[in-house]
Amino acid sequence: MLKTLKRVFSYARPYILYFVMTVLFAIIGVSLSLAVPVFIGEAVDCCIGKGDVDFDRLKKIVTTLAGMVVCSTLFQWLMSLCTNKLSFLTVRDLRADIFNKLERVPLKYIDGHTKGELTSRVINDIEIISDGLLQGFTQFFSGIITILGTLIFMMTINIRIAFVVVLLTPLSFIAASKITKASHDSYMKQSKLRGDMVALAEEMAGNQKLVKAFVYDERAEKRFAVINKEYGKIGTQATFFSSMTNPTTRFVNGLIYAAVGLLGSLGAIGYSSVIGVMSVGKLSSFLAYANQYTKPFNEISGVFAELQNAIASAQRVFDVLDEEEVTDDSDKAVISDRRGDVSFRSVFFSYTPEVKLIQDFSLDVKSGQRIAIVGPTGCGKSTIINLLLRFYDIDSGTIEVSGKNISDITRDSLRSSFGMVLQDTWIFTGTVAENIAYGLPDASKEQIIEAAKAVYAHGFIKRLPQGYDTIISEDSGLSQGQKQLICIARIMLMDPPMLILDEATSSIDLRTEHKIQKAFIKLMEGRTSFVIAHRLSTIKNSDTILVMDNGNIIEQGSHEKLMKENGFYSKLYNSQFAS
Amino acid sequence: MKKLLKYLRNYKKELIFGPFFKLLEAIFELIVPMVMAKIIDNGIGNNDSSYIFRMCGLIVLLGICGLAFALTCQYLAAKCAYGFGTELRSALYEHINKLSYSGIDKVGTSSLVNRLTNDSNTVQNGVNMFIRLAVRAPFLVIGAAVMAVMIDVKLSLIFFVVAPLISVVIFLIMRKTVPMYKRTQQKLDRAAMLTRENLEGTRVIRAFSRQKEEIDEFKEAVDDIADCSIAVGKISAILNPVAFMVMNLGIVAVIWGGGLRIDSGSLTQGELTAFTNYMTQILLALVVLANLIVLFTKAAASANRISEIFDILPEECGEVTEINKKSDNILEFRNVSFAYEKSGDESLSDISFTLKRGQMLGIIGGTGSGKSTLASLIPCFYRVTSGNVLFAGEDVNDYAPDVLRRNIGYVPQKAVLFSGSVRENMKWRAENASDEEIISALKTAQAWGFISQKPDVLDTRVVQGGKNFSGGQRQRLSIARALVGKPDLIILDDSTSALDYATDLALRKALKEDMSDTSVIMISQRTTSLKDADKIIVMDDGKAVGIGTHEELLASCEVYQEIYRSQMNEKEGDANA
């Protein structure tokens, strides 16, 4: 926990100046504001009664007081400004760092986590660190100063009464911790119930149309009502328990206030031998301190709860930052050859050691050849692509591209010799032109249009409200097919020597699908290509067909060869004509 | 917002007594400085130690009463808020269940979920805080002012300068910062969007070696957040110190003025102490009030979002609850046209056809041609704009929707399963289905093969969305779910797209053999899947451009020929290869 804390503060190091100033301003500002009651007390002592007011002294006190108030205000404001800069700049660096990291971790890591989870670390967790750790820290710090300051002032006024106040302080703590303990259980129960309720609401209301179609509404209502009722019951308890803290500590404060009033008054009327000398003015400033002294305790216990949250968040962020990165390959060679032949030699690979996947796989692809990979959904077709582009590294064997072992060249140069179109399209928020020019940001407008025309995308792009300048995103209303065409145009513009194509899904209508097929064929002209095929009829002309099942390559060869073998492929192939 | 008040009706007592007790506590809190003033003036003034003891005892007593009152109030507040929240949520959920598809479309399902969970919680919290603080804070301000007036009218004028001044400061700063906070949130949302898009496109980004550019863009976004946050921080940081300053300068004025009043004998020393005390109380109460305003603004916005849902009228219901099981036609469309509420254009125009019991109807056409829309009119998900849809001889609008839908098995395009066991999922259509019925449906849907191999068979857990099954398995399970209890009609809305040809074929065979009495409507992109249908409707741009059997359409319908040829070309190509 301490290590995590230290590490967060190491991010604050560049802003150490703000930190120092925060502390400094806090000390000055808080001390000044704490001195105010002393002067108020002295002022009260100047006004004894009718005709007995020391106006000369009062004037001095009042002007000093006003000056102090203004100064204290100024310093507290400056303190807030420094805290702000400190926390927001630190958090900014942390955020940039974690994003940076996400670009460098192996794909395995990203595939192994949900996107929502990782996004939440970059956004929410860091927000919690900002609120809890950094801002909490200053609150904590000024709280401590307030407590120490009031104690010192109280002691200078009357050490014995101050001692009584210190003795009574734990009451507030004990009460608060008892309440926290009592409320903790019901709080945990409440948050679990809330989670259940949200999950049920997401499932039911989130699929409301299905609920209606199956007339499941009454049953869903019953299930919802059960959780809802329980949530109401537990929620009442949890909220009541936690809302006890404020009145209870207020009550303890009242006790301290009464004790101070009692002792102070007694001191003022001649029990000074026991209690120490008191005046009415001193009593009134003492009372003011007694009020201020207890307040930070409440705040600090709140800060602790937030701190725990923040440390948990920080831990999650550092977990990401501590992930292993892909090895640095900047010193490796760059492919300059654009021949485009590929060979796999006795390649072994598995995602997890327990489940064997690709074993002793060899394949030679000559420049310009077309390789098709077929098999049922989820059979591991995309594994080959993951290996070829070094999204994952092979366990043993070698893969060569254009005569070079892919582990001896930079990933960037390896990947830039491939053009890749995936089944899951990726459109980022930006204009159509920006999306097409993603791989070649300096492309001219003419080049972009030419690429779009080549893959039959120009027609629909022209009809968009602002043509090539229309802002689009993953869910901006473009059809799956249109998004796919933009992704294909992206590759067309890059003009890579080799291609990897994941064929369009079945949810694309026939006409668009034909367009995409045509675009694919156009793209493949003269290029080495790897095609993941969903429709067998489209890949019959491939030079080699790899048939995969359960992660293994079970058959390999040309269409004719595989049909002759009368195995898995021929069965799969024939089934599409039966009716 | 007013509409939601009725869910408070069972909690009137709490609503009245909660603030009342809080008021009592506040009154007691206000008395304390007065008592202290008396101690100073009478106790110290007259050297009366027993008076001091008595009065300090009184302060403790006031404290105890205050505590009791406050706890009572907190309890009533929690009870009222959660009682209200629970009733509101139940009512809201029931209302959501009554909405028609058009109603759901108006809000969107993700928004429905949000309003049901987050917004209802915000409103609930608002009620809680209202009872706890909405009376206390203003009362403390007013009470402190009244006490001040009672002590010394002339001196209390300072109050009437300071309190509004602090209020104005709070108001001005909030007016400036609230929009700035919103802007900061937008910047944060942008960073979240960039992160999400980046993670979704990791493969593409790395394939294009664009990591550096992505990092730079994100860097810009976080710089923006920092700039915005610091800018708003600068202003909001003024609030506390300035309020503190105004109050303390007020106290300075009180002391100076008090000195004058004491000198003239119209004020005592103790009263002056009490006066400064009330001043502090005002400030604290005003700060609480400012936070309350923010909270209530949020709660009001949430309440409005919830009201919007209540404002959507529930689905219209017909009265027919009997289905004529012996009707000749299971389905008839008579000149049906339909337009979605939002778009003025017709999605379907003038469609007529009939389907006999036990027959199979195929629907084919491109995306956006109206296939799914046509199917969604049958269970009366949407109401026709003109014409009639008749189910078992009766207009679908005249049925009680539940009765109609219980007789139709619907398989949506996207196969969604629900968390729970496979058995629970299979009982969605027929609550009381036996294991035999479920297994028989699973067999027909070609799902029994992989379910029977699971160690827990029907008790196999399904995680939310059915993510622990492959796409093809999910589709088959979602088909089986619709078959349980043998409905009169099954609608398969392009629900076999993830199945390979062999499984697709086996499914169609099994449907025909196992459920010969059930009519089937199958929407598909593949002509091969529909070849055996008794009737095929070819949709193009909302119109039925051809209705007939495969052979008839092949002879007469141009669009069908085109689709068929494009798919057959592939085949012939294969044959030649």
# chains A, B, ... in the order shown; residues from 1 in each chain; ligands from 1
call {"tool": "residues_around", "arguments": {"residues": "A:Thr146", "least_positions_apart": "6", "cutoff": "10 Å", "atoms": "only C-alpha atoms", "output": "PyMOL selection string"}}
result
chain A and resi 26-27+30-31+33-34+140+152+289+292-297
call {"tool": "residues_around", "arguments": {"residues": "stretch 209-224 of chain A", "least_positions_apart": "6", "cutoff": "8 Å", "atoms": "only C-alpha atoms", "output": "PyMOL selection string"}}
result
(chain A and resi 197+200-201) or (chain B and resi 90+93-94+97+101+104+379+381+402+405-406+409-410+412+428-429)
call {"tool": "atom_distance", "arguments": {"atom1": "atom CA of A:Asn84", "atom2": "atom CA of B:Ala226"}}
result
9.4 Å
call {"tool": "select_by_dssp", "arguments": {"residues": "stretch 48-270 of chain A", "states": "strand (DSSP E)", "output": "list in words"}}
result
Ile48, Gly49, Asp52 and Val53 of chain A
call {"tool": "write_last_selection", "arguments": {"atoms": "N, CA and C atoms", "output": "compact mmCIF listing (two decimals), in the first residue's frame"}}
result
# COMPACT_ATOMS: atom_id res chain seq x y z
N ILE A 48 -16.11 45.46 27.92
CA ILE A 48 -16.56 44.88 29.19
C ILE A 48 -18.03 45.20 29.47
N GLY A 49 -18.40 46.42 29.26
CA GLY A 49 -19.79 46.79 29.57
C GLY A 49 -20.02 48.25 29.22
N ASP A 52 -17.47 51.07 29.28
CA ASP A 52 -16.18 50.43 29.57
C ASP A 52 -15.66 49.68 28.36
N VAL A 53 -15.49 50.41 27.26
CA VAL A 53 -14.99 49.80 26.04
C VAL A 53 -13.70 50.50 25.64
call {"tool": "closest_residue", "arguments": {"among": "A:Met492, A:Val20, A:Met154, A:Leu263", "to": "chain B", "atoms": "only C-alpha atoms"}}
result
A:Leu263
call {"tool": "residues_around", "arguments": {"residues": "stretch 142-145 of chain B", "least_positions_apart": "3", "cutoff": "9 Å", "atoms": "only C-alpha atoms", "output": "tab-separated table (two decimals) with N, CA and C atoms, in the first residue's frame"}}
result
chain	number	residue	atom	x	y	z
B	26	ALA	N	-32.47	21.66	14.82
B	26	ALA	CA	-31.88	22.96	14.46
B	26	ALA	C	-32.21	24.01	15.51
B	27	ILE	N	-33.46	23.99	15.99
B	27	ILE	CA	-33.85	24.97	17.01
B	27	ILE	C	-32.97	24.80	18.25
B	30	LEU	N	-29.69	26.15	17.76
B	30	LEU	CA	-29.64	27.61	17.81
B	30	LEU	C	-29.73	28.13	19.24
B	137	ALA	N	-31.00	23.57	6.48
B	137	ALA	CA	-30.06	24.61	6.08
B	137	ALA	C	-30.71	25.99	6.01
B	138	PRO	N	-31.83	26.14	5.27
B	138	PRO	CA	-32.45	27.48	5.25
B	138	PRO	C	-32.91	27.90	6.63
B	139	PHE	N	-33.40	26.92	7.40
B	139	PHE	CA	-33.90	27.27	8.73
B	139	PHE	C	-32.77	27.82	9.61
B	148	ALA	N	-30.42	36.75	15.92
B	148	ALA	CA	-29.61	37.96	15.90
B	148	ALA	C	-30.49	39.19	16.09
B	149	VAL	N	-31.64	39.19	15.40
B	149	VAL	CA	-32.56	40.33	15.53
B	149	VAL	C	-33.05	40.45	16.97
B	150	MET	N	-33.32	39.27	17.58
B	150	MET	CA	-33.80	39.29	18.95
B	150	MET	C	-32.76	39.87	19.90
B	156	SER	N	-27.99	43.52	13.99
B	156	SER	CA	-28.36	42.42	13.09
B	156	SER	C	-28.39	42.87	11.63
B	159	PHE	N	-26.01	41.22	9.50
B	159	PHE	CA	-26.45	39.92	8.99
B	159	PHE	C	-27.08	40.03	7.61
B	160	PHE	N	-27.93	41.03	7.51
B	160	PHE	CA	-28.70	41.14	6.27
B	160	PHE	C	-27.87	41.68	5.13
B	163	ALA	N	-25.26	37.76	4.77
B	163	ALA	CA	-25.89	36.55	4.25
B	163	ALA	C	-26.17	36.64	2.75
B	275	PHE	N	-23.58	36.41	19.19
B	275	PHE	CA	-23.74	37.03	17.87
B	275	PHE	C	-22.70	36.51	16.87
B	278	TYR	N	-23.53	32.97	15.79
B	278	TYR	CA	-24.59	32.85	14.76
B	278	TYR	C	-24.03	33.15	13.38
B	279	MET	N	-23.12	34.07	13.36
B	279	MET	CA	-22.50	34.44	12.09
B	279	MET	C	-21.83	33.22	11.44
B	281	GLN	N	-22.51	30.11	12.02
B	281	GLN	CA	-23.53	29.13	11.65
B	281	GLN	C	-24.13	29.43	10.27
B	282	ILE	N	-24.34	30.71	10.02
B	282	ILE	CA	-24.92	31.11	8.73
B	282	ILE	C	-24.05	30.64	7.58
call {"tool": "residues_around", "arguments": {"residues": "B:Ile215", "least_positions_apart": "2", "cutoff": "9 Å", "atoms": "only C-alpha atoms", "output": "PDB file with N, CA and C atoms, in the first residue's frame"}}
result
ATOM      1  N   ALA A  96      -1.493   9.681 -19.764  1.00  0.00           N
ATOM      2  CA  ALA A  96      -0.734   9.553 -21.006  1.00  0.00           C
ATOM      3  C   ALA A  96       0.149   8.305 -20.938  1.00  0.00           C
ATOM      4  N   PHE A  99      -1.872   5.035 -21.387  1.00  0.00           N
ATOM      5  CA  PHE A  99      -2.277   4.890 -22.789  1.00  0.00           C
ATOM      6  C   PHE A  99      -1.088   4.431 -23.626  1.00  0.00           C
ATOM      7  N   ASN A 100       0.046   5.099 -23.374  1.00  0.00           N
ATOM      8  CA  ASN A 100       1.286   4.740 -24.009  1.00  0.00           C
ATOM      9  C   ASN A 100       1.579   3.258 -23.857  1.00  0.00           C
ATOM     10  N   GLU A 103      -0.257   0.773 -25.914  1.00  0.00           N
ATOM     11  CA  GLU A 103       0.211   0.631 -27.298  1.00  0.00           C
ATOM     12  C   GLU A 103       1.391  -0.334 -27.373  1.00  0.00           C
TER      13      GLU A 103
ATOM     14  N   ARG B 210       0.722   2.740 -36.432  1.00  0.00           N
ATOM     15  CA  ARG B 210       0.332   4.130 -36.155  1.00  0.00           C
ATOM     16  C   ARG B 210       0.276   4.414 -34.650  1.00  0.00           C
ATOM     17  N   GLN B 211       0.966   3.612 -33.864  1.00  0.00           N
ATOM     18  CA  GLN B 211       0.886   3.798 -32.408  1.00  0.00           C
ATOM     19  C   GLN B 211       1.285   5.202 -31.991  1.00  0.00           C
ATOM     20  N   LYS B 212       2.334   5.710 -32.621  1.00  0.00           N
ATOM     21  CA  LYS B 212       2.848   7.015 -32.192  1.00  0.00           C
ATOM     22  C   LYS B 212       1.792   8.111 -32.393  1.00  0.00           C
ATOM     23  N   GLU B 213       1.143   8.070 -33.548  1.00  0.00           N
ATOM     24  CA  GLU B 213       0.132   9.093 -33.829  1.00  0.00           C
ATOM     25  C   GLU B 213      -1.029   8.990 -32.848  1.00  0.00           C
ATOM     26  N   GLU B 217      -2.352  11.829 -30.280  1.00  0.00           N
ATOM     27  CA  GLU B 217      -3.725  12.337 -30.253  1.00  0.00           C
ATOM     28  C   GLU B 217      -4.289  12.249 -28.834  1.00  0.00           C
ATOM     29  N   PHE B 218      -3.980  11.143 -28.175  1.00  0.00           N
ATOM     30  CA  PHE B 218      -4.474  10.983 -26.811  1.00  0.00           C
ATOM     31  C   PHE B 218      -3.828  12.013 -25.895  1.00  0.00           C
ATOM     32  N   LYS B 219      -2.554  12.269 -26.136  1.00  0.00           N
ATOM     33  CA  LYS B 219      -1.825  13.254 -25.314  1.00  0.00           C
ATOM     34  C   LYS B 219      -2.545  14.609 -25.394  1.00  0.00           C
ATOM     35  N   GLU B 220      -2.935  14.945 -26.620  1.00  0.00           N
ATOM     36  CA  GLU B 220      -3.669  16.200 -26.808  1.00  0.00           C
ATOM     37  C   GLU B 220      -4.950  16.210 -25.980  1.00  0.00           C
TER      38      GLU B 220
END
call {"tool": "residues_around", "arguments": {"residues": "A:Arg339", "least_positions_apart": "3", "cutoff": "8 Å", "atoms": "only C-alpha atoms", "output": "list in words"}}
result
Ser367, Ser402 and Pro497 of chain A
call {"tool": "write_last_selection", "arguments": {"atoms": "C-alpha atoms", "output": "mmCIF file, in the first residue's frame"}}
result
data_model
loop_
_atom_site.group_PDB
_atom_site.id
_atom_site.type_symbol
_atom_site.label_atom_id
_atom_site.label_comp_id
_atom_site.auth_asym_id
_atom_site.auth_seq_id
_atom_site.Cartn_x
_atom_site.Cartn_y
_atom_site.Cartn_z
ATOM 1 C CA SER A 367 4.836 -14.318 -54.538
ATOM 2 C CA SER A 402 10.408 -12.092 -48.396
ATOM 3 C CA PRO A 497 2.723 -6.303 -51.493
#
call {"tool": "residues_around", "arguments": {"residues": "B:Phe130", "least_positions_apart": "2", "cutoff": "10 Å", "atoms": "only C-alpha atoms", "output": "MDAnalysis selection string"}}
result
chainID B and resid 15 18:19 77 81 124:128 132:136 292 295:296
call {"tool": "residues_around", "arguments": {"residues": "A:Ala199", "least_positions_apart": "6", "cutoff": "12 Å", "atoms": "only C-alpha atoms", "output": "PyMOL selection string"}}
result
(chain A and resi 192-193+205-207+223-224+227) or (chain B and resi 113-114+116-117+418-419+463-465)
call {"tool": "write_last_selection", "arguments": {"atoms": "N, CA and C atoms", "output": "short mmCIF file (atom, residue, chain, number, x, y, z; two decimals), in the first residue's frame"}}
result
data_model
loop_
_atom_site.label_atom_id
_atom_site.label_comp_id
_atom_site.auth_asym_id
_atom_site.auth_seq_id
_atom_site.Cartn_x
_atom_site.Cartn_y
_atom_site.Cartn_z
N LYS A 192 -23.91 -4.98 -3.31
CA LYS A 192 -24.06 -6.23 -4.06
C LYS A 192 -25.46 -6.29 -4.69
N LEU A 193 -26.47 -5.92 -3.88
CA LEU A 193 -27.84 -5.94 -4.40
C LEU A 193 -27.99 -4.97 -5.56
N ALA A 205 -34.38 -5.09 -19.41
CA ALA A 205 -34.74 -3.87 -20.14
C ALA A 205 -33.84 -3.70 -21.35
N GLY A 206 -32.58 -4.19 -21.24
CA GLY A 206 -31.66 -4.08 -22.36
C GLY A 206 -32.09 -4.94 -23.54
N ASN A 207 -32.86 -5.97 -23.27
CA ASN A 207 -33.40 -6.81 -24.35
C ASN A 207 -34.92 -6.75 -24.34
N ARG A 223 -39.15 -11.02 -10.90
CA ARG A 223 -37.73 -11.12 -10.51
C ARG A 223 -37.20 -9.75 -10.09
N PHE A 224 -37.61 -8.74 -10.85
CA PHE A 224 -37.15 -7.39 -10.53
C PHE A 224 -37.69 -6.94 -9.17
N ILE A 227 -35.71 -8.34 -6.11
CA ILE A 227 -34.45 -7.64 -5.84
C ILE A 227 -34.73 -6.22 -5.37
N VAL B 113 -32.39 1.24 -19.46
CA VAL B 113 -31.66 0.64 -18.34
C VAL B 113 -31.10 1.74 -17.44
N ASN B 114 -30.51 2.75 -18.07
CA ASN B 114 -29.94 3.86 -17.31
C ASN B 114 -30.97 4.56 -16.44
N LEU B 116 -33.77 3.36 -15.39
CA LEU B 116 -34.30 2.46 -14.38
C LEU B 116 -33.33 2.33 -13.21
N THR B 117 -32.04 2.41 -13.47
CA THR B 117 -31.08 2.21 -12.38
C THR B 117 -30.48 3.52 -11.89
N PHE B 418 -29.79 -15.49 -21.93
CA PHE B 418 -29.81 -14.79 -20.65
C PHE B 418 -29.06 -15.58 -19.60
N SER B 419 -28.52 -14.88 -18.61
CA SER B 419 -27.77 -15.58 -17.58
C SER B 419 -28.72 -16.49 -16.81
N VAL B 463 -23.72 -17.58 -19.27
CA VAL B 463 -23.36 -16.26 -18.74
C VAL B 463 -24.14 -15.19 -19.51
N GLN B 464 -24.11 -13.96 -18.99
CA GLN B 464 -24.91 -12.90 -19.60
C GLN B 464 -24.62 -12.78 -21.10
N GLY B 465 -25.69 -12.75 -21.88
CA GLY B 465 -25.54 -12.64 -23.33
C GLY B 465 -25.20 -13.97 -23.98
#
call {"tool": "atom_distance", "arguments": {"atom1": "atom CA of B:Glu87", "atom2": "atom CA of B:Ile293"}}
result
24.9 Å
call {"tool": "atom_distance", "arguments": {"atom1": "atom CA of B:Ile52", "atom2": "atom CA of B:Ala285"}}
result
29.0 Å
call {"tool": "decode", "arguments": {"residues": "stretch 237-281 of chain B", "atoms": "C-alpha atoms", "output": "PDB file, in the first residue's frame"}}
result
ATOM      1  CA  ALA B 237     -11.155  27.566  -5.605  1.00  0.00           C
ATOM      2  CA  ILE B 238     -12.338  31.117  -4.927  1.00  0.00           C
ATOM      3  CA  LEU B 239     -15.568  29.970  -3.301  1.00  0.00           C
ATOM      4  CA  ASN B 240     -14.478  28.764   0.104  1.00  0.00           C
ATOM      5  CA  PRO B 241     -11.829  31.386   0.873  1.00  0.00           C
ATOM      6  CA  VAL B 242     -14.057  34.255  -0.259  1.00  0.00           C
ATOM      7  CA  ALA B 243     -17.059  33.033   1.700  1.00  0.00           C
ATOM      8  CA  PHE B 244     -14.746  32.672   4.667  1.00  0.00           C
ATOM      9  CA  MET B 245     -13.496  36.177   4.127  1.00  0.00           C
ATOM     10  CA  VAL B 246     -16.928  37.753   3.809  1.00  0.00           C
ATOM     11  CA  MET B 247     -18.074  36.027   6.961  1.00  0.00           C
ATOM     12  CA  ASN B 248     -15.037  36.987   8.990  1.00  0.00           C
ATOM     13  CA  LEU B 249     -15.148  40.572   7.789  1.00  0.00           C
ATOM     14  CA  GLY B 250     -18.770  40.456   8.900  1.00  0.00           C
ATOM     15  CA  ILE B 251     -17.595  39.322  12.307  1.00  0.00           C
ATOM     16  CA  VAL B 252     -15.077  42.161  12.369  1.00  0.00           C
ATOM     17  CA  ALA B 253     -17.955  44.549  11.655  1.00  0.00           C
ATOM     18  CA  VAL B 254     -20.044  42.901  14.366  1.00  0.00           C
ATOM     19  CA  ILE B 255     -17.264  43.356  16.872  1.00  0.00           C
ATOM     20  CA  TRP B 256     -16.736  46.994  16.009  1.00  0.00           C
ATOM     21  CA  GLY B 257     -20.462  47.695  16.010  1.00  0.00           C
ATOM     22  CA  GLY B 258     -20.840  45.540  19.119  1.00  0.00           C
ATOM     23  CA  GLY B 259     -18.184  47.550  20.863  1.00  0.00           C
ATOM     24  CA  LEU B 260     -20.160  50.696  20.185  1.00  0.00           C
ATOM     25  CA  ARG B 261     -23.401  49.079  21.385  1.00  0.00           C
ATOM     26  CA  ILE B 262     -21.800  47.713  24.545  1.00  0.00           C
ATOM     27  CA  ASP B 263     -20.311  51.097  25.217  1.00  0.00           C
ATOM     28  CA  SER B 264     -23.781  52.612  25.060  1.00  0.00           C
ATOM     29  CA  GLY B 265     -25.065  49.814  27.278  1.00  0.00           C
ATOM     30  CA  SER B 266     -27.532  48.251  24.868  1.00  0.00           C
ATOM     31  CA  LEU B 267     -25.578  44.984  24.468  1.00  0.00           C
ATOM     32  CA  THR B 268     -23.820  42.636  26.834  1.00  0.00           C
ATOM     33  CA  GLN B 269     -20.541  40.857  26.410  1.00  0.00           C
ATOM     34  CA  GLY B 270     -22.195  37.445  26.327  1.00  0.00           C
ATOM     35  CA  GLU B 271     -24.638  38.549  23.661  1.00  0.00           C
ATOM     36  CA  LEU B 272     -21.746  39.684  21.523  1.00  0.00           C
ATOM     37  CA  THR B 273     -20.211  36.196  21.777  1.00  0.00           C
ATOM     38  CA  ALA B 274     -23.508  34.622  20.762  1.00  0.00           C
ATOM     39  CA  PHE B 275     -23.739  37.032  17.872  1.00  0.00           C
ATOM     40  CA  THR B 276     -20.401  35.998  16.397  1.00  0.00           C
ATOM     41  CA  ASN B 277     -21.441  32.389  16.860  1.00  0.00           C
ATOM     42  CA  TYR B 278     -24.586  32.848  14.761  1.00  0.00           C
ATOM     43  CA  MET B 279     -22.498  34.439  12.086  1.00  0.00           C
ATOM     44  CA  THR B 280     -20.407  31.278  11.748  1.00  0.00           C
ATOM     45  CA  GLN B 281     -23.530  29.133  11.648  1.00  0.00           C
TER      46      GLN B 281
END
